[in-house]
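Q: Pasting model_33.json below, which is JSON, C-alpha atoms.
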```json
[["chain", "number", "residue", "atom", "x", "y", "z"],
["U", 29, "MET", "CA", -7.44, -17.49, -14.72],
["U", 30, "PHE", "CA", -7.34, -18.64, -11.12],
["U", 31, "ASN", "CA", -9.40, -17.65, -8.10],
["U", 32, "ILE", "CA", -7.64, -16.53, -4.93],
["U", 33, "VAL", "CA", -9.82, -16.84, -1.83],
["U", 34, "LEU", "CA", -8.92, -15.05, 1.38],
["U", 35, "TYR", "CA", -11.04, -16.41, 4.20],
["U", 36, "GLU", "CA", -11.40, -13.78, 6.96],
["U", 37, "PRO", "CA", -8.16, -11.91, 6.22],
["U", 38, "GLU", "CA", -6.78, -9.90, 9.13],
["U", 39, "ILE", "CA", -3.83, -7.83, 7.90],
["U", 40, "PRO", "CA", -4.54, -5.04, 5.40],
["U", 41, "GLN", "CA", -1.03, -4.99, 3.94],
["U", 42, "ASN", "CA", -1.25, -8.68, 3.01],
["U", 43, "THR", "CA", -4.60, -8.19, 1.31],
["U", 44, "GLY", "CA", -3.25, -5.18, -0.57],
["U", 45, "ASN", "CA", -0.21, -7.14, -1.74],
["U", 46, "ILE", "CA", -2.43, -10.03, -2.83],
["U", 47, "ALA", "CA", -4.74, -7.66, -4.70],
["U", 48, "ARG", "CA", -1.71, -6.34, -6.56],
["U", 49, "LEU", "CA", -0.66, -9.92, -7.36],
["U", 50, "CYS", "CA", -4.17, -10.60, -8.69],
["U", 51, "ALA", "CA", -3.99, -7.51, -10.90],
["U", 52, "CYS", "CA", -0.66, -8.67, -12.33],
["U", 53, "THR", "CA", -1.71, -12.30, -12.90],
["U", 54, "GLY", "CA", -5.37, -11.90, -13.88],
["U", 55, "ALA", "CA", -6.54, -13.90, -10.86],
["U", 56, "ARG", "CA", -9.90, -13.09, -9.29],
["U", 57, "LEU", "CA", -9.84, -12.13, -5.61],
["U", 58, "HIS", "CA", -12.60, -13.44, -3.35],
["U", 59, "LEU", "CA", -12.80, -11.95, 0.14],
["U", 60, "VAL", "CA", -14.88, -14.28, 2.28],
["U", 61, "GLY", "CA", -16.44, -13.80, 5.69],
["U", 62, "LYS", "CA", -15.51, -11.21, 8.26],
["U", 63, "ILE", "CA", -12.63, -8.99, 7.19],
["U", 64, "GLY", "CA", -10.46, -7.75, 10.07],
["U", 65, "PHE", "CA", -9.99, -4.24, 8.64],
["U", 66, "SER", "CA", -11.57, -1.69, 6.35],
["U", 67, "LEU", "CA", -10.89, -2.10, 2.65],
["U", 68, "SER", "CA", -10.55, 1.67, 2.55],
["U", 69, "SER", "CA", -7.72, 1.48, 5.10],
["U", 70, "LYS", "CA", -4.69, 3.54, 4.08],
["U", 71, "TYR", "CA", -2.52, 0.44, 4.65],
["U", 72, "THR", "CA", -4.62, -1.69, 2.32],
["U", 73, "LYS", "CA", -4.69, 1.00, -0.35],
["U", 74, "ARG", "CA", -0.96, 1.68, -0.03],
["U", 75, "ALA", "CA", -0.06, -2.02, -0.36],
["U", 76, "GLY", "CA", -2.21, -2.32, -3.50],
["U", 77, "LEU", "CA", -0.83, 0.94, -4.93],
["U", 78, "ASP", "CA", -2.65, 2.00, -8.08],
["U", 79, "TYR", "CA", -3.60, -1.57, -9.02],
["U", 80, "TRP", "CA", -7.00, -1.60, -7.32],
["U", 81, "ASP", "CA", -8.92, -0.67, -10.49],
["U", 82, "SER", "CA", -7.39, -3.70, -12.23],
["U", 83, "VAL", "CA", -8.53, -6.26, -9.63],
["U", 84, "ASP", "CA", -11.65, -8.37, -10.06],
["U", 85, "ILE", "CA", -12.78, -8.45, -6.40],
["U", 86, "HIS", "CA", -15.75, -10.42, -5.11],
["U", 87, "ARG", "CA", -17.05, -10.00, -1.56],
["U", 88, "ILE", "CA", -18.77, -13.20, -0.31],
["U", 89, "PRO", "CA", -20.46, -13.49, 3.12],
["U", 90, "SER", "CA", -19.44, -17.14, 3.79],
["U", 91, "MET", "CA", -17.44, -20.09, 2.48],
["U", 92, "GLU", "CA", -20.68, -22.06, 2.23],
["U", 93, "GLU", "CA", -22.08, -19.47, -0.19],
["U", 94, "LEU", "CA", -18.87, -19.44, -2.27],
["U", 95, "LEU", "CA", -18.88, -23.25, -2.44],
["U", 96, "ASP", "CA", -22.56, -23.29, -3.35],
["U", 97, "ILE", "CA", -22.13, -20.73, -6.15],
["U", 98, "ASN", "CA", -19.19, -22.73, -7.57],
["U", 99, "LYS", "CA", -20.35, -26.34, -7.07],
["U", 100, "ASN", "CA", -18.41, -27.79, -9.99],
["U", 101, "ALA", "CA", -15.12, -26.01, -9.31],
["U", 102, "ASN", "CA", -11.98, -27.42, -7.71],
["U", 103, "PHE", "CA", -11.13, -25.91, -4.32],
["U", 104, "TYR", "CA", -7.69, -26.32, -2.76],
["U", 105, "TYR", "CA", -7.20, -25.40, 0.88],
["U", 106, "LEU", "CA", -3.75, -24.19, 1.91],
["U", 107, "THR", "CA", -2.67, -25.27, 5.37],
["U", 108, "THR", "CA", 0.36, -26.28, 7.39],
["U", 109, "LYS", "CA", -1.64, -29.31, 8.59],
["U", 110, "SER", "CA", -1.47, -31.29, 5.34],
["U", 111, "LYS", "CA", 1.26, -33.59, 4.05],
["U", 112, "LYS", "CA", 0.13, -33.19, 0.41],
["U", 113, "LEU", "CA", 2.37, -30.71, -1.39],
["U", 114, "TYR", "CA", 1.00, -27.97, -3.63],
["U", 115, "THR", "CA", 3.47, -29.14, -6.31],
["U", 116, "ASP", "CA", 1.69, -32.52, -6.46],
["U", 117, "ILE", "CA", -1.52, -30.89, -7.72],
["U", 118, "ASN", "CA", -2.39, -30.50, -11.39],
["U", 119, "PHE", "CA", -3.99, -27.09, -11.27],
["U", 120, "GLN", "CA", -6.55, -26.12, -13.89],
["U", 121, "ALA", "CA", -7.71, -22.67, -14.94],
["U", 122, "GLY", "CA", -10.67, -21.68, -12.77],
["U", 123, "ASP", "CA", -9.45, -23.51, -9.66],
["U", 124, "PHE", "CA", -9.98, -21.83, -6.28],
["U", 125, "LEU", "CA", -6.94, -21.48, -4.00],
["U", 126, "VAL", "CA", -8.19, -20.87, -0.46],
["U", 127, "PHE", "CA", -6.05, -19.24, 2.22],
["U", 128, "GLY", "CA", -7.01, -18.70, 5.85],
["U", 129, "PRO", "CA", -6.54, -15.80, 8.25],
["U", 130, "GLU", "CA", -2.98, -14.96, 9.22],
["U", 131, "THR", "CA", -3.23, -15.78, 12.95],
["U", 132, "ARG", "CA", -5.22, -19.02, 12.90],
["U", 133, "GLY", "CA", -5.45, -20.49, 9.39],
["U", 134, "LEU", "CA", -8.48, -22.23, 7.95],
["U", 135, "PRO", "CA", -11.05, -24.07, 10.08],
["U", 136, "ASP", "CA", -10.45, -27.81, 10.56],
["U", 137, "LYS", "CA", -13.24, -28.82, 8.15],
["U", 138, "TYR", "CA", -11.09, -27.41, 5.33],
["U", 139, "THR", "CA", -7.67, -28.48, 6.61],
["U", 140, "GLN", "CA", -8.95, -32.06, 6.90],
["U", 141, "ASP", "CA", -10.39, -32.04, 3.36],
["U", 142, "GLU", "CA", -8.80, -34.29, 0.73],
["U", 143, "ASN", "CA", -7.89, -31.14, -1.21],
["U", 144, "ALA", "CA", -5.90, -29.65, 1.67],
["U", 145, "ILE", "CA", -2.38, -28.87, 0.46],
["U", 146, "THR", "CA", 0.76, -27.34, 1.92],
["U", 147, "ILE", "CA", 3.92, -25.45, 1.05],
["U", 148, "PRO", "CA", 6.91, -27.27, 2.56],
["U", 149, "MET", "CA", 8.94, -25.54, 5.26],
["U", 150, "LEU", "CA", 11.74, -26.47, 7.60],
["U", 151, "LYS", "CA", 10.63, -28.32, 10.70],
["U", 152, "GLY", "CA", 9.88, -26.10, 13.66],
["U", 153, "GLN", "CA", 8.74, -23.12, 11.62],
["U", 154, "ARG", "CA", 5.11, -22.01, 12.02],
["U", 155, "SER", "CA", 4.13, -20.51, 8.67],
["U", 156, "LEU", "CA", 5.03, -18.30, 5.74],
["U", 157, "ASN", "CA", 3.64, -14.81, 5.24],
["U", 158, "LEU", "CA", 0.19, -14.96, 3.64],
["U", 159, "SER", "CA", 0.98, -12.83, 0.60],
["U", 160, "ASN", "CA", 4.17, -14.84, -0.03],
["U", 161, "SER", "CA", 2.21, -18.09, 0.20],
["U", 162, "VAL", "CA", -0.38, -16.89, -2.30],
["U", 163, "ALA", "CA", 2.37, -15.84, -4.73],
["U", 164, "VAL", "CA", 4.16, -19.20, -4.47],
["U", 165, "VAL", "CA", 1.03, -21.22, -5.22],
["U", 166, "VAL", "CA", -0.54, -19.01, -7.88],
["U", 167, "TYR", "CA", 2.68, -18.87, -9.87],
["U", 168, "GLU", "CA", 3.01, -22.65, -9.72],
["U", 169, "ALA", "CA", -0.57, -22.92, -11.05],
["U", 170, "ILE", "CA", 0.27, -20.42, -13.81],
["U", 171, "ARG", "CA", 3.51, -22.26, -14.65],
["U", 172, "GLN", "CA", 1.64, -25.54, -15.01],
["U", 173, "ASN", "CA", -0.86, -23.96, -17.37],
["U", 174, "GLY", "CA", 1.65, -22.18, -19.58],
["U", 175, "LEU", "CA", 2.85, -18.68, -18.88]]
```
Take the structure in the file and give it back as C-alpha coordinates.

A:
Amino acid sequence: MFNIVLYEPEIPQNTGNIARLCACTGARLHLVGKIGFSLSSKYTKRAGLDYWDSVDIHRIPSMEELLDINKNANFYYLTTKSKKLYTDINFQAGDFLVFGPETRGLPDKYTQDENAITIPMLKGQRSLNLSNSVAVVVYEAIRQNGL
(Lines of atoms letter the chains of each structure in order from A and count residues from 1; the text may use other names and numbers.)
(Lines give C-alpha, C1' and ligand atoms only; values in the text may rest on other atoms or scores of the structure.)
Protein backbone atom coordinates (compact mmCIF):
# COMPACT_ATOMS: atom_id res chain seq x y z
CA MET A 1 0.00 0.00 0.00
CA PHE A 2 1.19 3.50 -0.81
CA ASN A 3 0.35 6.86 0.72
CA ILE A 4 -0.82 9.68 -1.54
CA VAL A 5 -0.36 13.12 0.03
CA LEU A 6 -2.15 16.16 -1.35
CA TYR A 7 -0.65 19.28 0.15
CA GLU A 8 -3.21 22.11 0.14
CA PRO A 9 -5.26 20.84 -2.83
CA GLU A 10 -7.31 23.51 -4.61
CA ILE A 11 -9.54 21.81 -7.18
CA PRO A 12 -12.32 19.54 -5.90
CA GLN A 13 -12.58 17.46 -9.08
CA ASN A 14 -8.89 16.51 -8.87
CA THR A 15 -9.22 15.46 -5.25
CA GLY A 16 -12.33 13.44 -6.09
CA ASN A 17 -10.54 11.69 -8.96
CA ILE A 18 -7.55 10.96 -6.72
CA ALA A 19 -9.83 9.58 -4.00
CA ARG A 20 -11.33 7.24 -6.57
CA LEU A 21 -7.81 6.18 -7.63
CA CYS A 22 -6.97 5.49 -3.98
CA ALA A 23 -10.10 3.35 -3.59
CA CYS A 24 -9.12 1.32 -6.67
CA THR A 25 -5.46 0.87 -5.71
CA GLY A 26 -5.68 0.57 -1.92
CA ALA A 27 -3.59 3.71 -1.41
CA ARG A 28 -4.20 5.88 1.64
CA LEU A 29 -5.11 9.51 0.96
CA HIS A 30 -3.63 12.21 3.20
CA LEU A 31 -5.06 15.71 2.83
CA VAL A 32 -2.60 18.13 4.37
CA GLY A 33 -2.95 21.78 5.31
CA LYS A 34 -5.56 24.19 4.06
CA ILE A 35 -7.94 22.67 1.53
CA GLY A 36 -9.25 25.14 -1.07
CA PHE A 37 -12.80 23.72 -1.09
CA SER A 38 -15.30 21.82 1.00
CA LEU A 39 -14.97 18.04 0.98
CA SER A 40 -18.74 17.96 0.84
CA SER A 41 -18.68 19.96 -2.41
CA LYS A 42 -20.90 18.45 -5.10
CA TYR A 43 -17.91 18.56 -7.48
CA THR A 44 -15.70 16.60 -5.10
CA LYS A 45 -18.42 14.04 -4.41
CA ARG A 46 -19.29 13.71 -8.10
CA ALA A 47 -15.65 13.13 -9.11
CA GLY A 48 -15.27 10.43 -6.44
CA LEU A 49 -18.62 8.85 -7.38
CA ASP A 50 -19.63 6.10 -4.96
CA TYR A 51 -16.02 5.26 -4.03
CA TRP A 52 -15.79 7.55 -1.01
CA ASP A 53 -16.66 4.81 1.50
CA SER A 54 -13.74 2.75 0.17
CA VAL A 55 -11.10 5.45 0.69
CA ASP A 56 -8.83 5.55 3.73
CA ILE A 57 -8.65 9.35 4.17
CA HIS A 58 -6.51 11.11 6.76
CA ARG A 59 -6.81 14.85 7.41
CA ILE A 60 -3.52 16.31 8.72
CA PRO A 61 -3.10 19.99 9.74
CA SER A 62 0.51 20.38 8.45
CA MET A 63 3.34 18.67 6.58
CA GLU A 64 5.46 18.96 9.70
CA GLU A 65 2.92 16.89 11.64
CA LEU A 66 2.70 14.26 8.87
CA LEU A 67 6.50 14.01 8.73
CA ASP A 68 6.72 13.79 12.51
CA ILE A 69 4.11 11.01 12.72
CA ASN A 70 5.93 9.04 9.99
CA LYS A 71 9.60 9.66 10.87
CA ASN A 72 10.91 6.40 9.42
CA ALA A 73 8.98 6.52 6.14
CA ASN A 74 10.24 7.49 2.71
CA PHE A 75 8.74 10.70 1.33
CA TYR A 76 8.99 11.61 -2.36
CA TYR A 77 8.09 15.12 -3.46
CA LEU A 78 6.71 15.54 -6.97
CA THR A 79 7.78 18.72 -8.71
CA THR A 80 8.66 20.14 -12.10
CA LYS A 81 11.80 21.61 -10.50
CA SER A 82 13.74 18.34 -10.17
CA LYS A 83 15.87 16.53 -12.73
CA LYS A 84 15.48 13.16 -10.94
CA LEU A 85 12.86 11.04 -12.69
CA TYR A 86 10.17 9.15 -10.81
CA THR A 87 11.17 6.04 -12.81
CA ASP A 88 14.64 6.14 -11.19
CA ILE A 89 13.17 5.52 -7.73
CA ASN A 90 12.77 2.07 -6.20
CA PHE A 91 9.45 2.56 -4.48
CA GLN A 92 8.58 0.46 -1.44
CA ALA A 93 5.18 -0.28 0.06
CA GLY A 94 4.37 2.41 2.61
CA ASP A 95 6.18 5.21 0.77
CA PHE A 96 4.58 8.66 0.75
CA LEU A 97 4.09 10.36 -2.63
CA VAL A 98 3.60 14.08 -2.01
CA PHE A 99 1.89 16.37 -4.53
CA GLY A 100 1.45 20.13 -4.22
CA PRO A 101 -1.44 22.46 -4.97
CA GLU A 102 -2.45 22.80 -8.60
CA THR A 103 -1.57 26.49 -9.07
CA ARG A 104 1.78 26.72 -7.27
CA GLY A 105 3.21 23.28 -6.48
CA LEU A 106 5.08 22.38 -3.33
CA PRO A 107 7.08 24.89 -1.27
CA ASP A 108 10.79 25.17 -2.13
CA LYS A 109 11.91 23.29 1.00
CA TYR A 110 10.35 20.15 -0.54
CA THR A 111 11.26 20.78 -4.18
CA GLN A 112 14.91 21.20 -3.15
CA ASP A 113 14.91 17.99 -1.09
CA GLU A 114 17.05 15.07 -2.28
CA ASN A 115 13.82 13.06 -2.67
CA ALA A 116 12.27 15.57 -5.08
CA ILE A 117 11.30 13.76 -8.28
CA THR A 118 9.62 14.66 -11.55
CA ILE A 119 7.57 13.28 -14.40
CA PRO A 120 9.25 14.18 -17.71
CA MET A 121 7.45 16.51 -20.10
CA LEU A 122 8.27 18.28 -23.33
CA LYS A 123 10.21 21.49 -22.88
CA GLY A 124 8.07 24.59 -22.58
CA GLN A 125 5.12 22.86 -20.94
CA ARG A 126 4.21 23.93 -17.40
CA SER A 127 2.72 20.85 -15.75
CA LEU A 128 0.43 17.85 -16.00
CA ASN A 129 -2.99 17.69 -14.38
CA LEU A 130 -2.68 16.73 -10.70
CA SER A 131 -4.89 13.64 -10.83
CA ASN A 132 -3.05 12.40 -13.94
CA SER A 133 0.29 12.91 -12.21
CA VAL A 134 -0.81 10.95 -9.16
CA ALA A 135 -2.03 8.09 -11.37
CA VAL A 136 1.24 7.95 -13.33
CA VAL A 137 3.41 7.73 -10.22
CA VAL A 138 1.25 5.45 -8.09
CA TYR A 139 0.91 2.91 -10.89
CA GLU A 140 4.68 2.91 -11.42
CA ALA A 141 5.11 2.25 -7.68
CA ILE A 142 2.53 -0.56 -7.88
CA ARG A 143 4.19 -2.02 -11.00
CA GLN A 144 7.56 -2.11 -9.26
CA ASN A 145 6.09 -3.93 -6.29
CA GLY A 146 4.15 -6.52 -8.27
CA LEU A 147 0.60 -5.97 -9.41

Q: Using only C-alpha atoms, find the one residue out of U:Thr43, U:Gln153, U:Asn143, U:Gln172 that sits nearest to Ala121 (chain U).

A: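 Smallest distance to Ala121 (chain U) is found for U:Gln172.
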
Q: For CA of Leu59 (chain U) and CA of Phe124 (chain U), determine how far apart the two atoms are, in Å to one decimal place.

A: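 For CA of Leu59 (chain U) relative to CA of Phe124 (chain U), the distance reads 12.1 Å.
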
Q: Give me the residues within 7 Å of Leu125 (chain U) as a ChimeraX atom specification, counting all atoms listed in the file and dropping any in the same chain fewer than 3 places off.

A: /U:31-33,103-105

Q: How many Å separate CA of Ala169 (chain U) from CA of Pro148 (chain U)?

A: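 That distance, rounded to one decimal, is 16.1 Å.
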
Q: Hey, which of U:Lys109, U:Asp84, U:Asn102, U:Gly44 ends up closest to Val126 (chain U)? Count only C-alpha atoms.

A: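 That would be U:Asn102, the residue with the smallest distance to Val126 (chain U).
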
Q: At a cut-off of 12 Å, using only C-alpha atoms, what residues contact Gln140 (chain U)? Leave out same-chain residues fewer than 6 positions from it and give the result as a tab-separated table (two decimals) with C-alpha atoms, keeping the file's coordinate frame.

A:
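Dumped everything to out_13.tsv:
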```
chain	number	residue	atom	x	y	z
U	104	TYR	CA	-7.69	-26.32	-2.76
U	105	TYR	CA	-7.20	-25.40	0.88
U	106	LEU	CA	-3.75	-24.19	1.91
U	107	THR	CA	-2.67	-25.27	5.37
U	108	THR	CA	0.36	-26.28	7.39
U	109	LYS	CA	-1.64	-29.31	8.59
U	110	SER	CA	-1.47	-31.29	5.34
U	111	LYS	CA	1.26	-33.59	4.05
U	112	LYS	CA	0.13	-33.19	0.41
U	134	LEU	CA	-8.48	-22.23	7.95
U	146	THR	CA	0.76	-27.34	1.92
```

Q: Please list as a list in words every residue within 12 Å of Asn100 (chain U), counting only C-alpha atoms and excluding residues in the same chain fewer than 6 positions away.

A: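 In the requested form, the answer reads Leu94, Gly122, Asp123 and Phe124 of chain U.
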
Q: At what distance in Å, to one decimal, does CA of Asn160 (chain U) lie from CA of Arg87 (chain U)?

A: 21.8 Å

Q: Which one is closest to Glu92 (chain U): U:Ile147, U:Ile46, U:Val60, U:Ala55? Count all atoms listed in the file.

A: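 Using all atoms listed in the file, Glu92 (chain U) sits closest to U:Val60.
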
Q: Looking at all atoms listed in the file, which of U:Gly61, U:Lys151, U:Ala47, U:Val162 is the one that sits closest to Trp80 (chain U)?

A: U:Ala47

Q: Nearest to Phe127 (chain U) among U:Ser161, U:Ser155, U:Asn173, U:Gln41, with distances taken over all atoms listed in the file: which residue is it?

A: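 Closest to Phe127 (chain U), using all atoms listed in the file: U:Ser161.
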
Q: Looking at U:Thr139, U:Thr53, U:Ser66, U:Thr131, which one is nearest to Leu158 (chain U), with distances taken over only C-alpha atoms?

A: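 Among the listed residues, U:Thr131 lies closest to Leu158 (chain U).
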